[in-house]
Amino acid sequence: MGGYLPAAEAERAAQYAALGLDGPTGLYRDVPDSVYLKEPLHMPEPKSELEVRRILEGLAEQNVRFRTILRGAGAYDHYIPAAVSRIAAKEAFVTAYTPYQAEISQGVLQSIFEFQTMICELTGLDAANASVYDGASAAAEAVAMCKERKRTRAVIAAAAHPDVIATIQTYCFGSGTEVVLAPVKDGVTDLTGLLDDATACVYIQHPNFFGQLEDLRGFAEAAHAAGAKLIAGVNPATLGVLESPGACGADIAVGEGQPLGLPLAWGGPYLGFMAAAQPLMRRLPGRIVGETTDSRGERAFVLTMQAREQHIRREKASSNVCSNEALCALTASIYLSLMGRSGLRQVGEQSHAKAHYLAEELCQIPGVSLRYPGPFFHEFVTDLPQPRKVLSALEEQGILGGWVLGDGLLWCATEKQTKEQLDEAVSIVKEVLGK
Amino acid sequence: MKLIFERSRPGRGNDILPPLDVPAAPLPEEYRRKAPPRLPEIGESDLSRHYQALSRRAFGVCDGFYPLGSCTMKYNPKLGEEMASLPGFTGIHPLQPIQTILGCQKVITQAEYLLCEVTGMDAMTFQPAAGAHGEFTGLLLIKAYHHSRGDTGRTVILVPDSAHGTNPASAAMAGFTVKNIPSTPEGLVDLEALKAACGPDTAGLMLTNPNTVGLFERDILDITAIVHEAGGLVYYDGANLNAIMGVARPGDMGFDVCHLNLHKTFATPHGGGGPGSGPVGVKEFLIPFLPGSALGGYGGEQSIGQVRAFHANFLVVVRALAYLLRLGNAGIAEAAHTAVLNANYLKQKLEEAGYTAAFPGLCMHEFVLTLEGLKKETGVSALDAAKAMLDAGIHPPTMYFPLIVHEALMFEPTETETPDTLDEAAAVLAEILRRAKENPEALHAAPVTTVIGRPDETAAARRPVVRYAFPEG
Amino acid sequence: MNIPDELRYTKSHEWLKEEDGIYTVGLTDFAQHALGDIVFVNLPQEGDPLTAGEALGDVESVKAVSDVISPVSGVVKAVNEELLDNPALVNEDPYGAWLVQVEEVSDEEELLDAAAYEAHCAGEEG
């Protein structure tokens with residue numbers, strides 16, 4: 001009852017008998033009596049599938065799904081084509097382990113090789129890994145890649161996502177790396193006077209948390225002049241349109257892959273991707289798939305450069321990452337293949353255009369203005385009176401408005417919202433502020 | 001087979017999006033991409049066949065017996081998949097107002113209650129995305145605890161020499177020095193060596209129990225007491241909890257902090273490497289140090305900060321909750337009993353077939369064979385035997401781990417296998433042993449029925465090709 | 001087993017050659033044979049200080065990594081960059097494929113001559 005045990009009770013009794021035991025107690029003779037549980041755990045009795053389904057469906061119904069989402073701030077509501085989730089749900093993909101046995105895992109290995117290639121193409125860099133947990137942990141791992149004996153300080157843009165900054169700080173608390181925040185000036189990063197010969201790396205998010213475009217090329221030059229590495233945090237949905245971080249001079253690019261076909265899902269599972277220029281390839285953490293040949297001379301794929309990793313290098317490994325987000329990486333690969341180069345460009349262009357339309361319409365309302373003067377991509381900050389009142393009014397109509405930033409809101413638009421949806425939101429804001 | 005890039009042809013693709021319905025907005029030229037990313041151009045029908053072909057070249061729990069030791073490859077119930085794809089969960093933005101996410105919160109609080117009950121812990125964080133991530137988080141909690149008391153000289157984490165590589169790697173990432181504790185010939189922690197290693201610099205000990213050779217550390221109460229007396233904390237690596245859930249609890253054994261692998265013990269699938277979920281449970285005195293979230297609030301003054309963006313690998317927690325509710329109190333214990341039963345049943349069959357267990361007697365949920373003798377006798381290694389299993393449609397056990405056993409093969413059959421499957425696997429392995437003695441050359445050549453033969457891993461590592469090279473022009 | 005007479009050796013299987021105050025370090029034939037196919041060599045940077053008896057870098061095979069122990073204390077004068085592209089040289093020509101050159105040498109580990117090293121290797125093989 002309640003479990004997934006395929007063997008009948010009589011069969012299990014026969015197994016116990018084969019071992020000379022009359023039941024489970026004999027299996028646990030090494031467990032000290034004082035910790036051996038004498039009573040069942042204080043939790044519910046076993047339930048049927050139908051009962052559990054009712055419970056979880058009931059919980060899902062207690063959430064509110066907004067029909068229009070104008071909030072990004074690290075998680076983006078893009079359209080997910082039907083084929084993406086259907087194909088990614090194939091049972092062999094879902095239930096396989098890490099592809100240790102290459103001979104029966106070519107499908108998983110090839111899918112990762114294809115993912116690595118797509119990430120290299122998006123970022124304009126030479127090598128990518130098979131993924132890490134999310135964009136924030138990817139950024140923290142990238143910072144760890146750059147640390148050298150004489151370079152132990154990381155300069156992190158304060159204009160990056162707050163969760164990313166906090167995650168970098170946590171990892172650096174572990175490793176004893178000094179973190180210096182580069183201030184925000186007019187909505188973009190100001191590195192003036194922060195780089196020296198103890199600086200290991202500079203982390204810049206582009207577009208940044210406020211949606212503003214950063215001067216990646218300039219920061220790459222500044223970092224390299226000081227002998228430091230530039231890590232670019234990028235949004236992959238922008239990279240059909242924005243110049244690649246590699247072409248701008250970044251040494252490492254990382255980011256959150258959620259916009260590539262993964263649902264919002266209250267924050268996870270998402271997908272951290274990492275790519276690096278050739279000289280840093282062997283410092284990448286986690287699984288990396290390589291191409292080789294098999295005993296018959298045919299093309300084959302394997303997990304490679306494993307001597308970097310924890311299961312071989314143990315305490316000398318630069319990262320402990322073991323499990324990653326392989327199924328999310330597969331999902332992103334399917335998304336990128338289905339959308340193709342023109343589809344990804346359209347996602348970028350339309351998100352950019354719709355955000356600019358929304359910004360323009362909002363700024364027609366008296367009291368609403370853009371906070372920062374520079375160019376933005378698909379997120380922007382408006383100052384406006386009573387942001388919380390505005391949000392409540394939007395929420396009543398099934399619209400999730402921007403994220404509160406002081407006396408303003410950080411808005412986001414993607415290709416998914418229609419002009420009518422944007423117009424509706426604007427008219428609600430107008431009505432609230434007109435009162 | 002072809003790579004998806006080799007199936008691509010210029011001009012192919014799919015109309016997914018409608019035309020733009022607002023005025024186009026020009027991007028300043030200096031930010032505009034010069035060369036487009038060379039993503040595939042492929043129709044949906046070809047794409048569907050490409051991934052179908054890839055999935056046929058993958059091996060999941062759905063394809064056959066998967067006794068991969070220390071990975072707990074149990075059946076992944078389909079109910080979990082359906083519940084994790086409910087729009088009421090998938091469509092929720094991580095930064096929605098609190099009154100609109102009551103369902104998500106209840107999923108987390110219910111999972112926290114149930115998992116704390118299983119482990120004997122007082123609170124749990126769901127931020128960690130995998131077991132190793134949980135280890136790192138737990139070690140930072142230990143570090144923050146010592147620092148909060150001004151006890152900054154505790155810089156050493158003790159790790160048994162049989163431990164998973166993640167343990168020492170996580171300790172190093174958290175800024176600790178690692179000291180290895182040897183195992184006794186019986187495969188257990190050497191208490192005298194542990195006592196000798198403990199001192200004023202001890203921050204803590206990391207331990208799996210049952211340990212990585214599949215034995216329950218029967219001196220566990222002494223072990224945790226020794227570390228506590230030295231002022232250290234004890235970390236439970238939950239990799240092997242499947243053997244004892246509902247039977248005994250880490251919290252009752254003296255562990256202060258633990259992580260769980262929802263993608264092992266609680267039946268959520270591995271996805272070819274992830275996503276997992278590695279929640280970390282703590283005793284009450286460590287609660288103030290638990291992670292918070294920059295945008296999500298919570299996390300007190302003493303919090304270690306956060307280890308990822310937002311809250312959790314939430315959909316993995318949904319699957320685990322479905323599993324926990326299905327099994328309930330009796331089902332959880334019965335799953336553990338059956339996991340241990342199946343391991344002992346298979347171990348006995350293999351010993352009868354002529355294999356040598358690294359450690360005699362009853363095991364927990366997994367056991368280790370050593371093929372050292374066979375290799376000396378016939379030249380057939382653990383690798384050869386594993387590769388021969390591929391030809392029989394069985395996923396090999398974990399090879400060459402733990403490091404303290406030579407020519408190791410580590411089997412973990414799990415509770416979701418019938419005795420028929422175990423009997424068949426034992427017969428396959430008996431046949432491999434017979435062939436090893438009669439015709440070792442044939443085993444060096446295995447596998448022969450798979451889509452590729454043994455790959456050249458040396459060439460792959462010497463000259464890494466980690467991305468497709470597009471033809472010029 | 002190739003053990004050139006003119007070199008000196010460590011018990012951890014590095015060889016050492018001194019010429020005009022420059023000390024050249026490599027891995028022995030015994031070492032490369034025991035390690036199997038070497039796939040990557042991690043070397044220090046020029047100017048890095050080395051301490052006798054401590055790791056100066058490591059060599060990777062497919063499934064293992066082994067520290068290279070510095071036989072001397074000093075400062076890295078040069079590293080053999082060729083090995084970064086072609087680590088197989090360590091297998092093919094262990095006494096030609098040097099790893100690092102060290103200057104400003106201040107201290108040495110206990111070193112063996114060829115005969116003593118050969119006896120040491122025979123003991124390890126036994």
# chains A, B, ... in the order shown; residues from 1 in each chain; ligands from 1
call {"tool": "select_by_dssp", "arguments": {"residues": "range 376-448 of chain B", "states": "strand (DSSP E or B)", "output": "ChimeraX atom specification"}}
result
/B:398-399,408-411
call {"tool": "residues_around", "arguments": {"residues": "range 91-105 of chain C", "least_positions_apart": "3", "cutoff": "6 Å", "atoms": "only C-alpha atoms", "output": "list in words"}}
result
Ile22, Tyr23, Thr24, Val25, Gly26, Thr28, Asp29, Gln32, Ser73, Gly74, Val75, Val76, Lys77, Ala78, Val79, Asn80 and Ala88 of chain C
call {"tool": "select_by_dssp", "arguments": {"residues": "range 74-254 of chain A", "states": "helix (DSSP H, G or I)", "output": "number ranges by chain"}}
result
A: 82-88, 91-95, 102-104, 106-123, 135-146, 162-175, 216-225, 236-238
call {"tool": "interface_residues", "arguments": {"of": "chain A", "to": "chain C", "cutoff": "8 Å", "atoms": "only C-alpha atoms", "output": "list in words"}}
result
Thr304, Met305, Gln306, Ala307, Ile312 and Arg313 of chain A
call {"tool": "interface_residues", "arguments": {"of": "chain B", "to": "chain C", "cutoff": "7 Å", "atoms": "only C-alpha atoms", "output": "MDAnalysis selection string"}}
result
chainID B and resid 457:458 461:462
call {"tool": "write_last_selection", "arguments": {"atoms": "N, CA and C atoms", "output": "PDB file, in the first residue's frame"}}
result
ATOM      1  N   GLU B 457      39.245   7.581 -24.376  1.00  0.00           N
ATOM      2  CA  GLU B 457      39.145   8.692 -23.422  1.00  0.00           C
ATOM      3  C   GLU B 457      40.455   9.473 -23.318  1.00  0.00           C
ATOM      4  N   THR B 458      41.568   8.801 -23.595  1.00  0.00           N
ATOM      5  CA  THR B 458      42.856   9.492 -23.546  1.00  0.00           C
ATOM      6  C   THR B 458      42.921  10.573 -24.615  1.00  0.00           C
ATOM      7  N   ALA B 461      40.798  13.572 -23.719  1.00  0.00           N
ATOM      8  CA  ALA B 461      41.306  14.466 -22.676  1.00  0.00           C
ATOM      9  C   ALA B 461      42.570  15.209 -23.116  1.00  0.00           C
ATOM     10  N   ARG B 462      43.348  14.579 -24.022  1.00  0.00           N
ATOM     11  CA  ARG B 462      44.581  15.246 -24.438  1.00  0.00           C
ATOM     12  C   ARG B 462      44.306  16.421 -25.370  1.00  0.00           C
TER      13      ARG B 462
END
call {"tool": "residues_around", "arguments": {"residues": "Asp63 in chain B", "least_positions_apart": "2", "cutoff": "12 Å", "atoms": "only C-alpha atoms", "output": "VMD selection string"}}
result
(chain A and resid 90 to 97 104 to 105) or (chain B and resid 55 to 61 65 to 66 73 75 390 392 to 395)
call {"tool": "residues_around", "arguments": {"residues": "range 41-44 of chain B", "least_positions_apart": "2", "cutoff": "12 Å", "atoms": "only C-alpha atoms", "output": "short mmCIF file (atom, residue, chain, number, x, y, z; two decimals) with C-alpha atoms, in the first residue's frame"}}
result
data_model
loop_
_atom_site.label_atom_id
_atom_site.label_comp_id
_atom_site.auth_asym_id
_atom_site.auth_seq_id
_atom_site.Cartn_x
_atom_site.Cartn_y
_atom_site.Cartn_z
CA PRO A 81 6.72 26.18 -27.76
CA ALA A 82 4.72 22.96 -27.45
CA ALA A 83 7.49 20.71 -28.77
CA VAL A 84 9.94 21.81 -26.08
CA ILE A 87 10.32 16.26 -26.26
CA ILE A 334 15.51 21.86 -27.86
CA TYR A 335 14.23 25.42 -27.47
CA LEU A 336 17.22 26.93 -29.26
CA SER A 337 16.98 24.35 -32.07
CA LEU A 338 13.27 24.89 -32.55
CA MET A 339 13.48 28.67 -32.47
CA GLY A 340 16.63 28.64 -34.57
CA ARG A 341 18.73 31.66 -35.33
CA SER A 342 15.83 33.73 -36.69
CA GLY A 343 13.49 32.72 -33.87
CA LEU A 344 15.92 33.72 -31.15
CA LEU B 3 24.67 16.24 -34.83
CA ILE B 4 21.72 18.59 -34.95
CA PHE B 5 23.99 21.15 -36.63
CA GLU B 6 24.64 18.63 -39.40
CA ARG B 7 20.90 18.31 -40.00
CA SER B 8 20.55 22.09 -40.32
CA ARG B 9 19.89 23.64 -43.76
CA PRO B 10 19.73 27.36 -44.55
CA GLY B 11 16.22 28.77 -44.58
CA ARG B 12 14.55 25.95 -42.68
CA GLY B 13 12.82 26.67 -39.39
CA ASN B 14 9.51 27.18 -37.67
CA ASP B 15 7.04 30.06 -37.38
CA ILE B 16 6.55 30.15 -33.66
CA PRO B 37 24.84 32.60 -33.38
CA ARG B 38 24.89 29.54 -35.65
CA LEU B 39 21.86 27.87 -34.11
CA ASP B 46 13.20 16.64 -38.18
CA LEU B 47 13.85 17.99 -34.71
CA SER B 48 11.40 15.50 -33.25
CA ARG B 49 13.21 12.61 -34.95
CA HIS B 50 16.62 13.87 -33.88
CA TYR B 51 15.70 13.81 -30.22
#
call {"tool": "atom_distance", "arguments": {"atom1": "CA of Met145 in chain A", "atom2": "CA of Pro44 in chain C"}}
result
15.9 Å
call {"tool": "residues_around", "arguments": {"residues": "range 54-60 of chain A", "least_positions_apart": "2", "cutoff": "8 Å", "atoms": "only C-alpha atoms", "output": "ChimeraX atom specification"}}
result
/A:50-52,62-63 /B:83,86-89,102-104,106-107,322
call {"tool": "write_last_selection", "arguments": {"atoms": "N, CA and C atoms", "output": "mmCIF file, in the first residue's frame"}}
result
data_model
loop_
_atom_site.group_PDB
_atom_site.id
_atom_site.type_symbol
_atom_site.label_atom_id
_atom_site.label_comp_id
_atom_site.auth_asym_id
_atom_site.auth_seq_id
_atom_site.Cartn_x
_atom_site.Cartn_y
_atom_site.Cartn_z
ATOM 1 N N LEU A 50 -4.629 8.569 -6.312
ATOM 2 C CA LEU A 50 -5.715 9.533 -6.536
ATOM 3 C C LEU A 50 -5.811 10.531 -5.379
ATOM 4 N N GLU A 51 -5.611 10.036 -4.156
ATOM 5 C CA GLU A 51 -5.672 10.951 -3.006
ATOM 6 C C GLU A 51 -4.538 11.979 -3.057
ATOM 7 N N VAL A 52 -3.353 11.522 -3.406
ATOM 8 C CA VAL A 52 -2.210 12.449 -3.454
ATOM 9 C C VAL A 52 -2.403 13.454 -4.585
ATOM 10 N N GLN A 62 -4.159 26.845 -4.953
ATOM 11 C CA GLN A 62 -4.060 27.937 -3.977
ATOM 12 C C GLN A 62 -3.082 29.020 -4.420
ATOM 13 N N ASN A 63 -2.357 28.757 -5.495
ATOM 14 C CA ASN A 63 -1.514 29.805 -6.069
ATOM 15 C C ASN A 63 -2.335 30.651 -7.044
ATOM 16 N N MET B 83 2.425 16.063 -11.412
ATOM 17 C CA MET B 83 2.209 17.112 -10.407
ATOM 18 C C MET B 83 3.177 18.286 -10.629
ATOM 19 N N LEU B 86 1.873 20.788 -13.272
ATOM 20 C CA LEU B 86 0.613 21.526 -13.083
ATOM 21 C C LEU B 86 0.860 23.016 -13.313
ATOM 22 N N PRO B 87 0.015 23.654 -14.134
ATOM 23 C CA PRO B 87 0.230 25.082 -14.403
ATOM 24 C C PRO B 87 0.220 25.936 -13.133
ATOM 25 N N GLY B 88 -0.499 25.489 -12.115
ATOM 26 C CA GLY B 88 -0.526 26.229 -10.852
ATOM 27 C C GLY B 88 0.820 26.223 -10.137
ATOM 28 N N PHE B 89 1.735 25.365 -10.565
ATOM 29 C CA PHE B 89 3.111 25.397 -10.054
ATOM 30 C C PHE B 89 4.079 25.986 -11.083
ATOM 31 N N LEU B 102 0.413 30.855 -1.831
ATOM 32 C CA LEU B 102 0.146 30.011 -0.661
ATOM 33 C C LEU B 102 0.410 28.539 -0.972
ATOM 34 N N GLY B 103 0.090 28.131 -2.194
ATOM 35 C CA GLY B 103 0.302 26.728 -2.563
ATOM 36 C C GLY B 103 1.775 26.356 -2.545
ATOM 37 N N CYS B 104 2.600 27.227 -3.117
ATOM 38 C CA CYS B 104 4.049 26.961 -3.129
ATOM 39 C C CYS B 104 4.577 26.877 -1.699
ATOM 40 N N LYS B 106 2.998 26.083 0.965
ATOM 41 C CA LYS B 106 2.546 24.868 1.661
ATOM 42 C C LYS B 106 3.321 23.646 1.178
ATOM 43 N N VAL B 107 3.672 23.622 -0.093
ATOM 44 C CA VAL B 107 4.506 22.519 -0.589
ATOM 45 C C VAL B 107 5.813 22.478 0.204
ATOM 46 N N ALA B 322 5.045 14.544 -3.439
ATOM 47 C CA ALA B 322 4.093 13.549 -3.931
ATOM 48 C C ALA B 322 4.529 12.152 -3.473
#
call {"tool": "closest_residue", "arguments": {"among": "B:Tyr145, B:Tyr345, B:Tyr400, B:Phe359", "to": "chain A", "atoms": "only C-alpha atoms"}}
result
B:Tyr345
call {"tool": "atom_distance", "arguments": {"atom1": "CA of Pro207 in chain A", "atom2": "CA of Cys412 in chain A"}}
result
12.2 Å
call {"tool": "atom_distance", "arguments": {"atom1": "CA of Glu396 in chain A", "atom2": "CA of Lys419 in chain A"}}
result
19.7 Å
call {"tool": "residues_around", "arguments": {"residues": "Lys376 in chain B", "least_positions_apart": "2", "cutoff": "12 Å", "atoms": "only C-alpha atoms", "output": "ChimeraX atom specification"}}
result
/B:370-374,378-382,406-407,436-437,440
call {"tool": "write_last_selection", "arguments": {"atoms": "C-alpha atoms", "output": "PDB file, in the first residue's frame"}}
result
ATOM      1  CA  THR B 370      36.243  -6.742  -5.240  1.00  0.00           C
ATOM      2  CA  LEU B 371      37.433  -8.301  -8.489  1.00  0.00           C
ATOM      3  CA  GLU B 372      41.076  -8.074  -7.455  1.00  0.00           C
ATOM      4  CA  GLY B 373      41.404 -11.846  -7.330  1.00  0.00           C
ATOM      5  CA  LEU B 374      39.747 -12.322 -10.702  1.00  0.00           C
ATOM      6  CA  THR B 378      42.432 -13.948 -15.542  1.00  0.00           C
ATOM      7  CA  GLY B 379      43.349 -10.347 -16.335  1.00  0.00           C
ATOM      8  CA  VAL B 380      39.655  -9.451 -16.406  1.00  0.00           C
ATOM      9  CA  SER B 381      39.132  -6.199 -14.509  1.00  0.00           C
ATOM     10  CA  ALA B 382      36.128  -4.605 -12.854  1.00  0.00           C
ATOM     11  CA  HIS B 406      40.639  -2.492  -5.288  1.00  0.00           C
ATOM     12  CA  GLU B 407      38.793  -3.419  -8.491  1.00  0.00           C
ATOM     13  CA  ALA B 436      36.261 -14.442 -17.685  1.00  0.00           C
ATOM     14  CA  LYS B 437      37.853 -17.729 -16.797  1.00  0.00           C
ATOM     15  CA  PRO B 440      39.133 -13.386 -20.983  1.00  0.00           C
TER      16      PRO B 440
END
